[in-house]
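**Q** Data file target_22.txt (compact mmCIF, C-alpha atoms and all ligand atoms) is appended below.
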```
# COMPACT_ATOMS: atom_id res chain seq x y z
CA MET A 1 0.00 0.00 0.00
CA SER A 2 1.46 3.36 -1.06
CA THR A 3 0.62 6.68 0.53
CA ILE A 4 0.17 8.55 -2.76
CA ASP A 5 -2.87 10.77 -2.67
CA ILE A 6 -4.79 12.06 -5.66
CA TYR A 7 -3.87 15.70 -4.97
CA SER A 8 -0.16 14.95 -5.21
CA PRO A 9 1.70 15.80 -8.43
CA LEU A 10 2.71 13.13 -10.90
CA HIS A 11 6.19 13.37 -12.35
CA THR A 12 7.46 10.80 -14.81
CA ALA A 13 9.96 11.08 -17.64
CA GLN A 14 6.98 11.52 -19.98
CA LEU A 15 4.33 13.41 -18.03
CA HIS A 16 4.09 16.12 -15.37
CA LEU A 17 0.71 16.74 -13.75
CA ARG A 18 -0.08 19.03 -10.84
CA ASN A 19 -2.47 16.43 -9.42
CA ARG A 20 -3.82 13.01 -10.35
CA ILE A 21 -7.35 14.17 -11.10
CA ALA A 22 -8.05 14.35 -14.84
CA MET A 23 -11.08 15.57 -16.74
CA ALA A 24 -12.30 12.73 -18.96
CA PRO A 25 -13.03 13.36 -22.65
CA LEU A 26 -16.63 14.57 -22.97
CA THR A 27 -18.43 15.23 -26.23
CA ARG A 28 -20.57 18.33 -25.66
CA SER A 29 -21.63 19.31 -29.19
CA ARG A 30 -20.92 23.04 -28.82
CA ALA A 31 -18.93 23.39 -32.06
CA THR A 32 -20.46 24.73 -35.28
CA ALA A 33 -22.57 22.63 -37.66
CA ASP A 34 -19.48 22.34 -39.86
CA TYR A 35 -17.30 21.05 -37.03
CA ILE A 36 -15.34 24.20 -36.11
CA PRO A 37 -14.54 24.82 -32.40
CA THR A 38 -16.27 27.87 -30.88
CA PRO A 39 -15.16 30.50 -28.30
CA ILE A 40 -17.55 29.22 -25.60
CA MET A 41 -15.45 26.05 -25.50
CA ALA A 42 -12.54 28.13 -24.15
CA GLU A 43 -14.69 29.37 -21.29
CA TYR A 44 -15.91 25.85 -20.50
CA TYR A 45 -12.44 24.31 -20.42
CA CYS A 46 -10.90 27.25 -18.53
CA GLN A 47 -13.45 26.72 -15.76
CA ARG A 48 -11.98 23.23 -15.34
CA THR A 49 -8.21 23.90 -15.29
CA GLU A 50 -7.71 22.90 -11.65
CA SER A 51 -7.51 19.35 -12.94
CA GLY A 52 -4.10 17.78 -13.48
CA LEU A 53 -5.03 17.16 -17.11
CA ILE A 54 -7.99 17.91 -19.35
CA VAL A 55 -8.66 15.44 -22.12
CA SER A 56 -10.65 17.21 -24.81
CA GLU A 57 -13.92 16.04 -26.25
CA ALA A 58 -13.36 13.53 -29.03
CA SER A 59 -12.34 15.23 -32.28
CA PRO A 60 -12.63 13.55 -35.67
CA ILE A 61 -9.40 12.90 -37.54
CA SER A 62 -11.06 13.08 -40.95
CA PRO A 63 -14.47 13.84 -42.48
CA MET A 64 -15.03 10.05 -42.69
CA GLY A 65 -14.52 9.80 -38.92
CA ILE A 66 -17.54 11.99 -38.09
CA GLY A 67 -20.65 10.50 -36.53
CA TYR A 68 -22.21 13.17 -34.33
CA VAL A 69 -23.47 16.73 -34.78
CA ARG A 70 -21.54 19.88 -33.79
CA ILE A 71 -18.34 18.11 -32.76
CA PRO A 72 -15.02 19.93 -33.23
CA GLY A 73 -12.68 18.39 -35.79
CA MET A 74 -8.90 18.11 -35.98
CA TYR A 75 -8.42 17.63 -39.72
CA SER A 76 -8.61 21.09 -41.31
CA GLN A 77 -6.61 24.30 -41.05
CA ALA A 78 -9.79 26.19 -40.08
CA GLN A 79 -10.24 23.81 -37.14
CA VAL A 80 -6.60 24.20 -36.07
CA GLU A 81 -6.95 28.01 -36.13
CA ALA A 82 -10.16 27.84 -34.07
CA TRP A 83 -8.56 25.54 -31.50
CA LYS A 84 -5.55 27.87 -31.01
CA PRO A 85 -7.27 30.51 -28.83
CA ILE A 86 -8.87 27.71 -26.78
CA THR A 87 -5.59 25.98 -25.95
CA ALA A 88 -3.94 29.39 -25.33
CA ALA A 89 -6.67 30.33 -22.86
CA ILE A 90 -6.34 26.98 -21.07
CA HIS A 91 -2.59 27.46 -20.74
CA ALA A 92 -3.03 31.04 -19.55
CA SER A 93 -5.26 29.78 -16.76
CA GLY A 94 -2.68 27.16 -15.76
CA GLY A 95 -4.23 24.11 -17.38
CA LYS A 96 -2.94 21.29 -19.53
CA ILE A 97 -4.96 19.67 -22.33
CA PHE A 98 -4.57 16.61 -24.56
CA ALA A 99 -6.76 16.33 -27.68
CA GLN A 100 -8.75 13.14 -28.08
CA LEU A 101 -8.49 11.81 -31.66
CA TRP A 102 -11.57 10.05 -32.97
CA HIS A 103 -12.83 7.98 -35.87
CA VAL A 104 -16.26 6.51 -35.20
CA GLY A 105 -16.13 3.87 -37.94
CA ARG A 106 -19.48 2.07 -38.24
CA ASN A 107 -21.04 4.38 -35.65
CA SER A 108 -21.84 6.92 -38.37
CA HIS A 109 -24.39 7.26 -41.16
CA PRO A 110 -24.21 8.34 -44.83
CA ASP A 111 -25.97 11.58 -43.80
CA PHE A 112 -22.74 12.62 -42.05
CA LEU A 113 -20.55 11.41 -44.90
CA ASN A 114 -21.89 13.04 -48.07
CA GLY A 115 -23.82 9.88 -48.81
CA GLU A 116 -20.85 7.53 -48.47
CA LEU A 117 -21.07 4.38 -46.38
CA PRO A 118 -19.30 4.46 -43.01
CA VAL A 119 -16.17 2.31 -42.91
CA SER A 120 -15.22 -0.35 -40.39
CA ALA A 121 -13.32 -3.61 -39.99
CA SER A 122 -16.23 -5.63 -41.42
CA ASP A 123 -19.76 -5.07 -42.70
CA ILE A 124 -21.60 -5.64 -39.42
CA PRO A 125 -24.10 -2.88 -38.64
CA ILE A 126 -25.24 -1.56 -35.29
CA LYS A 127 -28.88 -2.52 -34.79
CA GLY A 128 -31.21 0.41 -34.32
CA PHE A 129 -31.36 4.08 -35.18
CA LYS A 130 -28.80 6.88 -35.36
CA ASP A 131 -29.39 10.56 -34.63
CA THR A 132 -28.34 12.32 -37.83
CA PRO A 133 -28.50 16.00 -38.81
CA SER A 134 -31.78 15.11 -40.56
CA GLY A 135 -33.38 13.07 -37.77
CA LYS A 136 -33.28 9.43 -36.66
CA LYS A 137 -32.21 7.00 -39.40
CA GLU A 138 -31.56 3.28 -39.33
CA TYR A 139 -27.86 2.38 -39.07
CA VAL A 140 -26.41 0.97 -42.31
CA ALA A 141 -23.96 -1.88 -42.81
CA PRO A 142 -20.49 -0.28 -42.98
CA ARG A 143 -18.06 -0.86 -45.82
CA PRO A 144 -15.09 -2.98 -44.70
CA LEU A 145 -11.85 -1.08 -45.24
CA LYS A 146 -9.66 -2.65 -47.91
CA ASN A 147 -6.28 -3.77 -46.63
CA SER A 148 -4.71 -1.17 -48.93
CA GLU A 149 -6.73 1.62 -47.24
CA ILE A 150 -5.52 0.99 -43.70
CA GLN A 151 -2.29 2.95 -44.08
CA ALA A 152 -4.35 5.99 -45.08
CA LEU A 153 -6.40 5.61 -41.90
CA ILE A 154 -3.20 5.48 -39.84
CA ASN A 155 -1.95 8.57 -41.72
CA ASP A 156 -5.17 10.40 -40.79
CA TYR A 157 -4.40 9.79 -37.09
CA VAL A 158 -0.86 11.06 -37.64
CA ASN A 159 -2.03 14.19 -39.49
CA ALA A 160 -4.61 14.93 -36.82
CA ALA A 161 -1.96 14.48 -34.11
CA GLN A 162 0.31 16.95 -35.91
CA ASN A 163 -2.64 19.34 -36.23
CA ALA A 164 -3.32 19.03 -32.50
CA ILE A 165 0.26 19.95 -31.67
CA ALA A 166 0.10 22.86 -34.14
CA ALA A 167 -3.12 23.98 -32.43
CA GLY A 168 -1.30 24.17 -29.08
CA PHE A 169 -2.41 20.95 -27.39
CA ASP A 170 -0.01 19.40 -24.87
CA GLY A 171 -0.48 15.99 -26.46
CA VAL A 172 -3.07 13.64 -27.92
CA GLU A 173 -5.11 10.76 -26.60
CA ILE A 174 -6.00 8.28 -29.36
CA HIS A 175 -9.58 7.10 -28.87
CA GLY A 176 -9.28 3.33 -28.90
CA ALA A 177 -12.32 2.78 -26.68
CA ASN A 178 -16.12 2.68 -26.59
CA GLY A 179 -16.89 0.82 -29.80
CA TYR A 180 -15.32 3.20 -32.32
CA ILE A 181 -13.12 2.18 -35.24
CA ILE A 182 -10.01 1.01 -33.35
CA ASP A 183 -12.22 -0.97 -30.97
CA GLN A 184 -14.15 -2.33 -33.99
CA PHE A 185 -10.88 -3.88 -35.18
CA ILE A 186 -9.95 -5.18 -31.70
CA CYS A 187 -13.27 -6.94 -31.01
CA ASP A 188 -14.21 -10.04 -32.97
CA GLY A 189 -17.92 -9.20 -32.73
CA THR A 190 -17.22 -6.48 -35.31
CA ASN A 191 -14.06 -7.82 -36.94
CA HIS A 192 -14.58 -10.84 -39.23
CA ARG A 193 -11.61 -10.05 -41.45
CA THR A 194 -9.45 -12.77 -42.93
CA ASP A 195 -6.41 -10.59 -43.69
CA ASN A 196 -3.60 -9.58 -41.30
CA TYR A 197 -5.96 -7.23 -39.42
CA GLY A 198 -8.47 -9.93 -38.42
CA GLY A 199 -8.75 -13.41 -36.94
CA SER A 200 -6.00 -13.94 -34.38
CA VAL A 201 -5.53 -11.82 -31.28
CA GLN A 202 -2.29 -10.50 -32.84
CA ASN A 203 -4.11 -9.43 -35.99
CA ARG A 204 -6.99 -7.75 -34.16
CA ALA A 205 -4.48 -5.85 -31.99
CA ARG A 206 -2.50 -4.68 -35.04
CA LEU A 207 -4.36 -1.45 -35.89
CA ALA A 208 -4.27 -0.15 -32.30
CA ILE A 209 -0.55 -0.85 -32.07
CA GLU A 210 0.27 0.59 -35.51
CA VAL A 211 -1.69 3.80 -34.91
CA THR A 212 -0.01 4.28 -31.53
CA GLU A 213 3.44 3.62 -32.94
CA ALA A 214 2.95 5.95 -35.93
CA VAL A 215 1.58 8.81 -33.83
CA SER A 216 4.23 8.49 -31.12
CA GLN A 217 7.05 8.28 -33.66
CA THR A 218 5.77 11.42 -35.40
CA ILE A 219 4.89 13.77 -32.54
CA GLY A 220 6.89 12.12 -29.73
CA SER A 221 5.96 9.45 -27.23
CA GLN A 222 5.65 11.96 -24.36
CA TYR A 223 2.86 13.67 -26.30
CA THR A 224 0.99 10.46 -27.10
CA ALA A 225 -1.60 8.55 -25.07
CA ILE A 226 -4.37 6.08 -25.85
CA ARG A 227 -7.66 5.07 -24.26
CA PHE A 228 -9.22 1.60 -24.29
CA SER A 229 -12.33 -0.02 -22.83
CA PRO A 230 -11.50 -3.73 -22.41
CA SER A 231 -14.85 -4.43 -20.70
CA GLY A 232 -16.79 -2.01 -22.88
CA THR A 233 -20.18 -2.86 -24.30
CA ASN A 234 -21.05 0.58 -25.79
CA GLY A 235 -22.17 0.42 -29.40
CA GLN A 236 -23.17 -3.28 -29.15
CA MET A 237 -19.55 -4.38 -28.91
CA TYR A 238 -18.59 -7.97 -28.18
CA ASN A 239 -15.12 -9.44 -27.67
CA SER A 240 -14.64 -13.18 -27.11
CA THR A 241 -11.07 -12.65 -25.82
CA PRO A 242 -10.88 -9.34 -23.93
CA VAL A 243 -8.10 -10.46 -21.62
CA ASP A 244 -5.88 -12.00 -24.30
CA VAL A 245 -6.16 -9.17 -26.79
CA PHE A 246 -5.66 -6.38 -24.24
CA ASP A 247 -2.82 -8.25 -22.52
CA LEU A 248 -1.11 -8.27 -25.90
CA ILE A 249 -1.88 -4.65 -26.81
CA LEU A 250 -0.77 -3.33 -23.41
CA THR A 251 2.40 -5.39 -23.43
CA GLU A 252 3.27 -4.15 -26.92
CA ILE A 253 2.49 -0.48 -26.33
CA SER A 254 4.44 -0.52 -23.06
CA LYS A 255 7.46 -0.43 -25.37
CA PHE A 256 6.46 2.99 -26.78
CA ASP A 257 6.95 4.87 -23.50
CA LEU A 258 3.73 6.88 -23.88
CA ALA A 259 2.53 9.76 -21.72
CA TYR A 260 -0.17 7.43 -20.36
CA VAL A 261 -2.76 4.79 -21.17
CA CYS A 262 -6.35 5.25 -19.98
CA LEU A 263 -8.40 2.12 -19.28
CA ASN A 264 -12.13 2.60 -18.86
CA GLU A 265 -14.03 0.70 -16.23
CA PRO A 266 -17.30 -0.90 -17.45
CA GLN A 267 -20.12 1.55 -18.16
CA ILE A 268 -22.84 -0.93 -17.23
CA ASN A 269 -23.66 -2.69 -14.01
CA ARG A 270 -20.76 -5.09 -13.41
CA ALA A 271 -23.20 -7.93 -12.70
CA ASP A 272 -24.52 -7.62 -16.27
CA LEU A 273 -21.11 -8.09 -17.92
CA PRO A 274 -20.37 -11.29 -19.84
CA ALA A 275 -18.62 -13.63 -17.38
CA HIS A 276 -15.28 -13.51 -19.27
CA TYR A 277 -15.03 -9.67 -19.09
CA PRO A 278 -12.90 -8.27 -16.24
CA LYS A 279 -15.24 -6.66 -13.73
CA TYR A 280 -12.48 -4.31 -12.51
CA VAL A 281 -10.32 -3.29 -15.41
CA ALA A 282 -7.48 -1.34 -13.79
CA PRO A 283 -6.38 -4.15 -11.45
CA ALA A 284 -6.91 -6.76 -14.18
CA PHE A 285 -4.39 -5.11 -16.53
CA ARG A 286 -2.11 -3.15 -14.20
CA ASP A 287 0.73 -5.64 -14.46
CA LYS A 288 0.60 -5.66 -18.27
CA TYR A 289 1.07 -1.93 -18.79
CA LYS A 290 4.41 -0.62 -17.61
CA GLY A 291 3.81 3.13 -17.84
CA THR A 292 1.43 5.67 -16.32
CA LEU A 293 -2.07 4.25 -16.05
CA MET A 294 -5.19 6.42 -15.98
CA THR A 295 -8.53 4.91 -15.03
CA ASN A 296 -12.03 6.29 -15.55
CA GLY A 297 -15.64 5.31 -15.03
CA GLY A 298 -17.91 5.56 -12.04
CA TYR A 299 -15.35 6.92 -9.56
CA ASN A 300 -16.07 9.15 -6.58
CA LEU A 301 -13.50 10.75 -4.28
CA GLU A 302 -13.24 7.72 -2.04
CA THR A 303 -12.90 5.08 -4.76
CA ALA A 304 -10.50 7.31 -6.73
CA GLN A 305 -8.28 7.75 -3.71
CA ALA A 306 -8.40 4.00 -3.08
CA VAL A 307 -7.43 3.00 -6.63
CA VAL A 308 -4.41 5.35 -6.53
CA SER A 309 -3.39 4.40 -2.98
CA ASN A 310 -3.50 0.70 -3.71
CA GLY A 311 -1.39 1.19 -6.82
CA HIS A 312 -3.92 -0.02 -9.39
CA ALA A 313 -3.75 3.31 -11.26
CA ASP A 314 -1.76 6.55 -11.20
CA VAL A 315 -4.40 9.04 -12.35
CA VAL A 316 -8.21 9.00 -12.18
CA ALA A 317 -10.37 10.76 -14.76
CA PHE A 318 -13.84 12.02 -13.95
CA GLY A 319 -16.48 12.61 -16.60
CA LYS A 320 -19.98 13.53 -15.47
CA LEU A 321 -18.75 14.99 -12.18
CA PHE A 322 -16.60 17.45 -14.18
CA ILE A 323 -19.58 18.42 -16.32
CA SER A 324 -21.52 19.61 -13.29
CA ASN A 325 -18.58 20.64 -11.05
CA PRO A 326 -16.09 22.85 -12.87
CA ASP A 327 -14.19 23.20 -9.58
CA LEU A 328 -14.28 19.48 -8.79
CA VAL A 329 -10.77 19.46 -7.33
CA SER A 330 -11.60 22.24 -4.83
CA ARG A 331 -14.86 20.59 -3.95
CA PHE A 332 -13.08 17.29 -3.27
CA ARG A 333 -10.42 19.02 -1.18
CA ASN A 334 -13.03 20.83 0.87
CA GLN A 335 -15.39 17.87 1.02
CA ALA A 336 -18.00 20.27 -0.33
CA PRO A 337 -21.32 19.14 -1.79
CA LEU A 338 -21.31 18.25 -5.48
CA ASN A 339 -23.70 19.64 -8.13
CA GLU A 340 -25.86 17.05 -9.92
CA TRP A 341 -25.42 16.81 -13.68
CA ASP A 342 -28.32 17.28 -16.05
CA ASN A 343 -28.33 14.70 -18.88
CA LYS A 344 -30.71 16.81 -20.93
CA THR A 345 -28.09 19.50 -21.56
CA PHE A 346 -25.17 17.19 -22.33
CA TYR A 347 -25.40 17.75 -26.10
CA ASP A 348 -27.85 20.62 -26.23
CA GLY A 349 -25.79 23.49 -27.59
CA GLY A 350 -25.47 26.84 -25.83
CA PRO A 351 -24.34 27.81 -22.34
CA LYS A 352 -27.11 26.11 -20.36
CA GLY A 353 -25.69 23.04 -18.65
CA TYR A 354 -22.30 23.91 -20.14
CA THR A 355 -20.72 27.02 -18.64
CA ASP A 356 -23.33 27.83 -16.00
CA TYR A 357 -22.74 25.19 -13.30
CA PRO A 358 -22.06 27.01 -10.03
CA ILE A 359 -18.54 27.38 -8.68
CA LEU A 360 -18.01 27.02 -4.96
CA THR A 361 -17.66 30.16 -2.87
CA LEU A 362 -15.90 29.48 0.40
C1 LIG B 1 -21.84 13.59 -22.19
C2 LIG B 1 -20.75 12.55 -22.33
C3 LIG B 1 -19.88 12.64 -23.40
C4 LIG B 1 -18.83 11.72 -23.53
N1 LIG B 1 -17.95 11.87 -24.57
C5 LIG B 1 -16.86 11.07 -24.63
C6 LIG B 1 -15.85 11.30 -25.61
O1 LIG B 1 -15.91 12.25 -26.40
N2 LIG B 1 -14.80 10.45 -25.62
C7 LIG B 1 -14.68 9.41 -24.74
O2 LIG B 1 -13.70 8.66 -24.79
N3 LIG B 1 -15.60 9.18 -23.79
C8 LIG B 1 -16.68 10.00 -23.71
N4 LIG B 1 -17.59 9.83 -22.70
C9 LIG B 1 -17.29 8.84 -21.65
C10 LIG B 1 -16.58 9.55 -20.48
O3 LIG B 1 -15.28 9.98 -20.85
C11 LIG B 1 -16.45 8.62 -19.27
O4 LIG B 1 -15.73 7.48 -19.63
C12 LIG B 1 -17.80 8.21 -18.69
O5 LIG B 1 -18.63 9.35 -18.48
C13 LIG B 1 -17.63 7.47 -17.36
O6 LIG B 1 -16.94 8.26 -16.43
P1 LIG B 1 -17.71 9.00 -15.23
O7 LIG B 1 -18.43 7.91 -14.45
O8 LIG B 1 -16.65 9.68 -14.42
O9 LIG B 1 -18.69 9.95 -15.85
C14 LIG B 1 -18.68 10.69 -22.58
C15 LIG B 1 -19.57 10.60 -21.51
C16 LIG B 1 -20.59 11.52 -21.38
C17 LIG B 1 -21.52 11.42 -20.19
```
Can you give me the file's structure in the form of structure tokens?
**A**
Amino acid sequence: MSTIDIYSPLHTAQLHLRNRIAMAPLTRSRATADYIPTPIMAEYYCQRTESGLIVSEASPISPMGIGYVRIPGMYSQAQVEAWKPITAAIHASGGKIFAQLWHVGRNSHPDFLNGELPVSASDIPIKGFKDTPSGKKEYVAPRPLKNSEIQALINDYVNAAQNAIAAGFDGVEIHGANGYIIDQFICDGTNHRTDNYGGSVQNRARLAIEVTEAVSQTIGSQYTAIRFSPSGTNGQMYNSTPVDVFDLILTEISKFDLAYVCLNEPQINRADLPAHYPKYVAPAFRDKYKGTLMTNGGYNLETAQAVVSNGHADVVAFGKLFISNPDLVSRFRNQAPLNEWDNKTFYDGGPKGYTDYPILTL
């Protein structure tokens, strides 16, 4: 048992944080309809700079990676220019921010993609309906990426990472979690490929490892992180070998000396998980990943302190609590009451439920 507390700084060769409390990536849909960041985003993030690290809302790496309305992209010069004042304001208020890089894969719809089919590992659709700019539409079967197209996908991550650095971000977190394209390759429920990106655990792990390697070699390993959800079920994901494939991925990416890896805890009741999914992800994989480990999902002050004290993780990210408590770190320190979050304003647009949560006055 260590005595590290979550308010203590983290100093490694690759990462320096003023405390071990991170703001998790949170899509808030306050960008423009054509995916350009807006000034109100600076105000929102600056309210939350007490955290050791902010991870930005997920930002598409290419037009084909888009699957939600009013999300801020990372693929065009106009987006880079619009991000610059936001990252500058965050730095001026003492904060640190990594950009989360996103490609949703099958979790899109032709209405977001100029009529093109979404791409994925295989042609397995999500069942149900997608919110598109023109209302709810049935998901379509995605087009499996050709083997010859995968390098271009990796290049899109690299370009977006370079854009993020040009826009003033302190680093990038590759979104490998929650049922989006990297996860669609990792999980055999969505990956039925017969080439070197499908089938065996090694092949399903390949895209995650290659993207991480390419990004870290281009922008520097200390500016590169990745997020996974080994027990994730979002987006109707299924993995017959979560332990084997993530043991392999984490062992391999330990060699890249990244800023950190974030592992999400399950987003559903642990009792409802398939029996072969780890119920507690951080302890299940701690010995496989050699670098700084961030954990996220369902934590409160007490459980966050416990997971850091017992050495199962180094940093804890909070999502919904940071939406409703801009000054979460102060509130924790002062054991002050926490504001409740309002789900109805998560993606609503405008300041309500975005920049108007009350800040503690002591
Ligand atoms: C409104 C909302 C938006 C989210 N957007 C993202 C996102 O852009 N990228 C991501 O990796 N996770 C996203 N998540 C998941 C959160 O980062 C986090 O994993 C989840 O909320 C569980 O953590 P918590 O219990 O501390 O809220 C989102 C969650 C919510 C509630």
**Q** Let me have all residues with an atom within 10 Å of ligand LIG 1 (chain B), counting all atoms listed in the file, laid out as number ranges by chain.
**A** A: 22-29, 55-60, 71, 100-102, 173-180, 226-229, 234, 262-268, 295-300, 316-323, 341-347
**Q** For the point (-5.5, 4.5, -4.3) in file coordinates, what residues are within 12 Å, counting all atoms listed in the file? Give the answer as a ChimeraX atom specification?
**A** /A:1-8,20-21,282-283,294-295,299-316
**Q** Can you work out the spacing between atom CA of Gln77 of chain A and atom CA of Ile150 of chain A in Å, to one decimal?
**A**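 Distance reported for this atom pair: 23.5 Å.
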**Q** Pick the closest to Thr194 of chain A from A:Asn107, A:Ser216, A:Glu138, A:Lys146: which is it, counting only C-alpha atoms?
**A**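 Looking only at the distances to Thr194 of chain A, the closest residue turns out to be A:Lys146.
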**Q** Report, in Å with one decimal, the straight-line distance from atom CA of Leu53 of chain A to atom CA of Asn19 of chain A.
**A**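 A separation of 8.1 Å between them.
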**Q** Please measure the separation of atom CA of Asn325 of chain A and atom CA of Ala89 of chain A, giving the value in Å to one decimal.
**A**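 If I compute the distance from atom CA of Asn325 of chain A to atom CA of Ala89 of chain A, I get 19.4 Å.
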**Q** Tell me which of A:Met237, A:Met41, A:Ile36, A:Leu250 sits closest to Ala78 of chain A, counting all atoms listed in the file.
**A**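 Residue with the minimum atom-to-atom distance to Ala78 of chain A: A:Ile36.
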**Q** Counting all atoms listed in the file, what is within 12 Å of Asp272 of chain A, bar same-chain residues fewer than 6 positions away, as a list in words?
**A**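 The neighbour list is Ser231, Gly232, Thr233, Pro266, Pro278 and Lys279 of chain A.
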**Q** Excluding Asn159 of chain A and any residue of its chain fewer than 2 positions from it, enumerate the residues within 12 Å of it, using only C-alpha atoms, and give them as an NGL selection string.
**A** :A and (60-62 or 74-77 or 80 or 101 or 152-157 or 161-166 or 172 or 211 or 214-216 or 218-219)
**Q** Between A:Ser148, A:Asn203, A:Thr212, A:Thr361, which has the minimum distance to Ser330 of chain A (counting only C-alpha atoms)?
**A**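 The closest residue to Ser330 of chain A is A:Thr361.
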**Q** Counting only C-alpha atoms, which residue out of A:Ala275, A:Ala88, A:Ile186, A:Ile249 sits closest to Ala42 of chain A?
**A**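 Ranking A:Ala275, A:Ala88, A:Ile186, A:Ile249 by distance to Ala42 of chain A, first place goes to A:Ala88.
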**Q** Compare A:Pro72, A:Gly171, A:Gly128, A:Gly52 by their minimum atom-to-atom distance to Gly220 of chain A, counting all atoms listed in the file, and give me the closest one.
**A**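 Answer, going by the shortest atom-to-atom distance: A:Gly171.
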**Q** Go through A:Glu50, A:Glu252, A:Asp170, A:Asp34 one by one, measure the shortest atom-to-atom distance of each to Lys84 of chain A using only C-alpha atoms, and give the residue with the smallest value.
**A** A:Asp170
